[in-house]
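model10.txt (compact mmCIF, C-alpha atoms) appears below.
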```
# COMPACT_ATOMS: atom_id res chain seq x y z
CA MET C 5 100.76 85.17 271.59
CA LYS C 6 99.21 87.71 269.24
CA LYS C 7 97.32 90.63 270.77
CA ILE C 8 93.67 91.20 269.88
CA GLY C 9 92.24 94.73 269.74
CA PHE C 10 88.59 95.75 269.60
CA ILE C 11 87.32 98.87 267.88
CA GLY C 12 83.79 99.13 269.24
CA THR C 13 82.49 97.54 272.44
CA GLY C 14 78.74 97.81 271.91
CA ASN C 15 75.98 95.19 271.73
CA MET C 16 78.07 92.88 269.55
CA GLY C 17 81.65 93.93 270.21
CA TYR C 18 81.37 93.64 273.99
CA PRO C 19 80.15 90.00 274.13
CA MET C 20 82.83 88.98 271.63
CA MET C 21 85.42 90.82 273.71
CA LEU C 22 84.35 88.84 276.78
CA GLY C 23 84.89 85.66 274.77
CA ALA C 24 88.35 86.83 273.71
CA ILE C 25 89.27 87.52 277.33
CA LYS C 26 88.18 84.01 278.27
CA ALA C 27 90.13 82.47 275.39
CA PHE C 28 93.31 84.56 275.40
CA GLY C 29 93.47 86.37 278.74
CA ALA C 30 92.89 90.07 279.53
CA ALA C 31 96.59 90.87 279.05
CA ASN C 32 96.34 89.88 275.36
CA VAL C 33 93.23 91.97 274.68
CA SER C 34 92.85 95.72 274.19
CA PHE C 35 90.15 98.08 272.97
CA SER C 36 89.46 101.64 271.94
CA ALA C 37 86.38 103.77 272.53
CA LYS C 38 85.24 107.27 271.67
CA THR C 39 84.84 108.55 275.21
CA GLU C 40 86.88 108.30 278.39
CA LYS C 41 83.70 107.35 280.24
CA THR C 42 83.27 104.26 278.07
CA LYS C 43 86.94 103.35 278.43
CA GLU C 44 86.74 103.56 282.22
CA LYS C 45 83.52 101.54 282.34
CA VAL C 46 84.80 98.71 280.11
CA THR C 47 88.17 98.56 281.90
CA LYS C 48 86.44 98.40 285.28
CA GLU C 49 84.16 95.58 284.12
CA THR C 50 86.75 93.51 282.25
CA GLY C 51 90.21 94.41 283.55
CA VAL C 52 91.30 95.16 279.97
CA ALA C 53 93.42 98.26 279.40
CA SER C 54 92.28 100.62 276.68
CA ALA C 55 94.41 102.04 273.88
CA LYS C 56 94.79 105.78 273.46
CA ASP C 57 92.84 105.77 270.20
CA ASN C 58 92.15 103.64 267.11
CA ALA C 59 95.53 104.41 265.57
CA ALA C 60 97.39 103.29 268.68
CA LEU C 61 95.26 100.16 268.95
CA ILE C 62 95.94 99.13 265.35
CA GLN C 63 99.67 99.64 265.78
CA GLU C 64 99.94 97.64 269.01
CA CYS C 65 97.63 94.74 268.09
CA ASP C 66 97.98 91.88 265.62
CA VAL C 67 94.28 91.09 265.23
CA ILE C 68 91.82 93.98 264.87
CA VAL C 69 88.16 93.22 265.60
CA LEU C 70 85.76 95.73 264.06
CA GLY C 71 82.71 95.92 266.30
CA VAL C 72 81.31 99.23 265.04
CA LYS C 73 78.13 99.62 263.03
CA PRO C 74 78.51 99.60 259.21
CA GLN C 75 77.64 103.29 258.91
CA PHE C 76 80.68 104.20 261.03
CA PHE C 77 83.28 102.20 259.09
CA HIS C 78 84.25 105.31 257.14
CA GLU C 79 85.53 106.81 260.42
CA ILE C 80 88.11 104.03 260.91
CA TYR C 81 89.20 103.27 257.34
CA GLY C 82 91.86 105.98 257.40
CA ASP C 83 93.71 104.55 260.41
CA LEU C 84 93.32 100.99 259.11
CA LYS C 85 94.77 101.93 255.73
CA LYS C 86 97.69 103.72 257.38
CA PHE C 87 98.65 101.16 260.03
CA MET C 88 97.47 97.73 258.87
CA THR C 89 100.12 95.41 257.43
CA PRO C 90 99.99 91.95 255.76
CA LYS C 91 101.16 90.47 259.08
CA LYS C 92 98.01 91.68 260.82
CA MET C 93 94.44 90.39 260.47
CA ILE C 94 91.01 92.03 260.56
CA ILE C 95 87.90 90.33 261.97
CA SER C 96 84.74 92.22 261.07
CA LEU C 97 81.49 91.75 262.99
CA ALA C 98 79.44 94.09 260.81
CA ALA C 99 76.49 93.17 258.62
CA GLY C 100 76.49 94.36 255.03
CA VAL C 101 80.18 95.28 254.71
CA THR C 102 81.79 92.83 252.30
CA ILE C 103 85.39 91.71 252.25
CA GLN C 104 85.85 93.53 248.95
CA ASN C 105 84.33 96.72 250.44
CA MET C 106 87.02 96.63 253.10
CA ARG C 107 89.83 95.73 250.70
CA ASP C 108 88.88 98.64 248.44
CA GLU C 109 89.31 101.02 251.37
CA ILE C 110 92.24 99.44 253.23
CA GLY C 111 94.24 97.53 250.64
CA GLU C 112 94.16 94.26 248.72
CA ASN C 113 96.93 92.60 250.74
CA ILE C 114 95.15 92.69 254.12
CA LYS C 115 93.82 89.45 255.59
CA ILE C 116 90.14 89.83 256.45
CA VAL C 117 87.70 87.55 258.24
CA ARG C 118 84.09 88.62 257.81
CA SER C 119 81.68 87.26 260.40
CA MET C 120 78.03 87.36 261.40
CA PRO C 121 77.73 86.63 265.15
CA ASN C 122 74.67 87.00 267.35
CA THR C 123 73.91 88.35 270.81
CA PRO C 124 73.72 84.96 272.63
CA ALA C 125 77.52 85.18 272.47
CA MET C 126 77.06 87.17 275.70
CA VAL C 127 76.30 83.90 277.52
CA GLY C 128 78.71 81.74 275.51
CA GLU C 129 75.98 80.28 273.29
CA GLY C 130 76.40 82.40 270.18
CA MET C 131 76.22 81.15 266.60
CA THR C 132 78.59 82.84 264.16
CA CYS C 133 79.03 82.46 260.41
CA VAL C 134 82.55 83.17 259.12
CA SER C 135 84.06 83.88 255.69
CA PHE C 136 87.78 84.27 254.92
CA SER C 137 89.38 86.53 252.32
CA ASP C 138 91.37 84.70 249.65
CA HIS C 139 94.72 85.03 251.40
CA ALA C 140 97.02 82.36 252.78
CA PHE C 141 96.16 82.44 256.49
CA THR C 142 98.79 80.87 258.71
CA GLU C 143 97.93 77.95 260.99
CA GLU C 144 98.36 80.28 263.96
CA GLU C 145 95.87 82.75 262.48
CA LYS C 146 93.36 79.96 261.80
CA GLU C 147 93.76 78.75 265.37
CA ILE C 148 93.15 82.27 266.69
CA VAL C 149 89.95 82.52 264.64
CA ASP C 150 88.83 79.11 265.91
CA ARG C 151 89.55 79.94 269.58
CA PHE C 152 87.97 83.37 269.24
CA PHE C 153 84.63 82.19 267.90
CA THR C 154 84.36 78.98 269.94
CA SER C 155 84.89 81.07 273.07
CA CYS C 156 81.46 82.58 272.37
CA GLY C 157 79.62 79.45 271.21
CA ARG C 158 79.68 77.73 267.81
CA TYR C 159 80.67 78.87 264.34
CA GLN C 160 80.44 77.72 260.74
CA VAL C 161 82.68 78.70 257.82
CA ILE C 162 80.53 79.60 254.80
CA PRO C 163 81.05 81.17 251.34
CA GLU C 164 80.67 84.92 251.59
CA THR C 165 77.87 84.77 249.01
CA LEU C 166 75.70 83.19 251.74
CA MET C 167 76.41 85.85 254.36
CA ASN C 168 73.16 87.77 253.82
CA ALA C 169 71.23 84.54 254.30
CA ALA C 170 73.25 83.92 257.46
CA ILE C 171 72.10 87.27 258.82
CA CYS C 172 68.56 85.89 258.59
CA ALA C 173 69.44 82.49 260.08
CA ASN C 174 71.47 83.56 263.08
CA GLY C 175 72.13 87.31 263.12
CA SER C 176 68.63 88.75 263.37
CA SER C 177 66.67 85.67 264.42
CA PRO C 178 67.33 85.88 268.20
CA ALA C 179 64.83 88.76 268.16
CA TYR C 180 62.18 86.44 266.74
CA VAL C 181 62.95 83.83 269.38
CA TYR C 182 62.60 86.43 272.14
CA MET C 183 59.25 87.47 270.65
CA PHE C 184 58.13 83.83 270.64
CA ILE C 185 59.20 83.41 274.28
CA GLU C 186 57.37 86.59 275.26
CA ALA C 187 54.21 85.62 273.37
CA LEU C 188 54.11 82.07 274.73
CA ALA C 189 54.72 83.34 278.27
CA ASP C 190 51.89 85.87 277.86
CA SER C 191 49.59 83.10 276.68
CA VAL C 192 50.05 81.05 279.85
CA VAL C 193 50.01 84.06 282.17
CA LYS C 194 46.50 84.45 280.76
CA TYR C 195 45.63 81.14 282.44
CA GLY C 196 47.15 81.99 285.81
CA ILE C 197 50.86 81.07 285.70
CA PRO C 198 52.95 83.81 287.38
CA ARG C 199 54.97 85.81 284.85
CA ALA C 200 58.46 85.04 286.20
CA MET C 201 57.61 81.34 286.24
CA ALA C 202 56.17 81.56 282.73
CA TYR C 203 59.39 83.06 281.36
CA GLU C 204 61.47 80.33 283.00
CA LEU C 205 59.19 77.52 281.78
CA VAL C 206 59.19 78.80 278.22
CA ALA C 207 62.86 79.86 277.98
CA GLN C 208 64.13 76.53 279.33
CA THR C 209 61.83 74.70 276.92
CA VAL C 210 63.24 76.66 273.99
CA LEU C 211 66.79 75.98 275.20
CA GLY C 212 66.12 72.27 275.64
CA SER C 213 64.36 71.95 272.30
CA ALA C 214 67.28 73.62 270.50
CA LYS C 215 69.71 71.29 272.29
CA MET C 216 67.66 68.30 271.12
CA VAL C 217 68.07 69.40 267.49
CA LEU C 218 71.81 69.95 267.86
CA GLU C 219 72.64 66.82 269.82
CA THR C 220 70.28 64.21 268.35
CA LYS C 221 70.75 65.41 264.73
CA GLU C 222 67.12 64.44 264.19
CA HIS C 223 65.04 66.40 261.68
CA PRO C 224 63.02 69.07 263.54
CA GLY C 225 59.87 67.71 261.91
CA ARG C 226 60.48 64.26 263.43
CA LEU C 227 61.08 65.79 266.86
CA LYS C 228 57.85 67.75 266.48
CA ASP C 229 56.00 64.58 265.50
CA ASN C 230 57.33 62.84 268.62
CA VAL C 231 55.52 65.40 270.79
CA CYS C 232 52.29 65.29 268.81
CA SER C 233 50.23 62.38 270.16
CA PRO C 234 47.23 61.47 267.97
CA GLY C 235 44.20 63.48 269.05
CA GLY C 236 46.23 65.20 271.78
CA THR C 237 46.79 68.72 273.03
CA THR C 238 50.00 69.37 271.07
CA ILE C 239 48.60 68.57 267.63
CA ALA C 240 45.65 70.86 268.43
CA GLY C 241 48.12 73.68 269.13
CA VAL C 242 50.18 72.89 266.03
CA SER C 243 47.01 72.95 263.95
CA ALA C 244 46.17 76.42 265.27
CA LEU C 245 49.68 77.68 264.47
CA GLU C 246 49.31 76.41 260.90
CA GLU C 247 45.85 77.93 260.59
CA PHE C 248 47.14 81.36 261.57
CA GLY C 249 50.22 81.27 259.35
CA PHE C 250 53.07 80.57 261.78
CA ARG C 251 55.48 79.15 259.19
CA ASN C 252 54.53 81.75 256.60
CA ALA C 253 55.13 84.56 259.10
CA VAL C 254 58.64 83.23 259.78
CA ILE C 255 59.40 82.94 256.06
CA LYS C 256 58.12 86.46 255.42
CA ALA C 257 60.32 87.77 258.24
CA THR C 258 63.33 86.14 256.59
CA ASP C 259 62.39 87.63 253.21
CA ALA C 260 62.22 91.11 254.74
CA CYS C 261 65.49 90.61 256.61
CA TYR C 262 67.28 89.33 253.49
CA GLU C 263 66.00 92.20 251.35
CA LYS C 264 67.23 94.73 253.92
CA ALA C 265 70.62 92.97 254.19
CA THR C 266 71.17 93.20 250.45
CA ARG C 267 70.57 96.97 250.60
CA LEU C 268 73.02 97.69 253.43
```
Go ahead and express the file in the form of structure tokens.
Amino acid sequence: MKKIGFIGTGNMGYPMMLGAIKAFGAANVSFSAKTEKTKEKVTKETGVASAKDNAALIQECDVIVLGVKPQFFHEIYGDLKKFMTPKKMIISLAAGVTIQNMRDEIGENIKIVRSMPNTPAMVGEGMTCVSFSDHAFTEEEKEIVDRFFTSCGRYQVIPETLMNAAICANGSSPAYVYMFIEALADSVVKYGIPRAMAYELVAQTVLGSAKMVLETKEHPGRLKDNVCSPGGTTIAGVSALEEFGFRNAVIKATDACYEKATRL
């Protein structure tokens, strides 16, 4: 069994690390962190032993997961260039850092998997988009990638040219969903529903609605129509959303997200 090492255990690296532990076992996972305090905290929470530093981690692991923010990649390129070999594999979780960016810094012969996960991976319901470098990945490596990402939810393999669009679709969009949940909960608290109950009512409704799309394969518009009885309460609400630009606001958010992603 190949060993998986994490450089970075923050908001994205930590949930993915939990998935790796579930899929491969704590004994086959390692990590590095800048401070001893972080190392002690993560080890206490997960049972995973930390490496001395990034260099040691890269040498002892076969799969290196880069969970640091894009602006800090320059701090780890030196160790990656020195200790990575064609028998090892990199999985990047960072937005805006292309496969070619990494190859330019580390070497052309390194196998790289670029991914765009999201924070619901923390509860095993993440959605990740994945792109492979143009190397001959072994069946074992492909299986590791599959087990790694399915341990956190679902994933789709896409051309890397679509990765910035994927950031909009799954990477950043949980924030919009949380805003929708908060706003809808506020709107019913206004009419007397206790706040904790409002959050549960709305969050479960969002979860169930998403599951309907995934499992029935019905077009979201048809599912929406099924709720909208003629002359009823739902179509009145839908009409108000259209009047105040609900769809346009979502599209504009995606435009802003995409523009920012292309500048990273």
Item checked: Close residues, stretch 70-83 of chain C itself excluded, 8 Å, only C-alpha atoms, min 2 positions apart in chain, as an MDAnalysis selection string -> chainID C and resid 10:14 16:17 58:59 62 68 85:88 94:101 109:110
Note to self: Restricting the calculation to only C-alpha atoms: of C:Phe28, C:Pro121, C:Asn168, C:Ile103, which residue gets closest to C:Glu147?
What the structure shows: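 Smallest separation from C:Glu147 among the options: C:Phe28.
Counting only C-alpha atoms, the residue from C:Met5, C:Ala30, C:Ala207, C:Ala24 that sits nearest to C:Arg151 is C:Ala24.
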Notebook entry, point to check: When you draw a straight line from atom CA of C:Glu219 to atom CA of C:Ile162, how long is it in Å?
Noted result: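 Value for the atom CA of C:Glu219-atom CA of C:Ile162 distance: 21.2 Å.
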Next item on the list: Calculate how many Å separate atom CA of C:Lys7 from atom CA of C:Asp66, rounding to one decimal.
Entry: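 Separating atom CA of C:Lys7 from atom CA of C:Asp66 is a distance of 5.3 Å.
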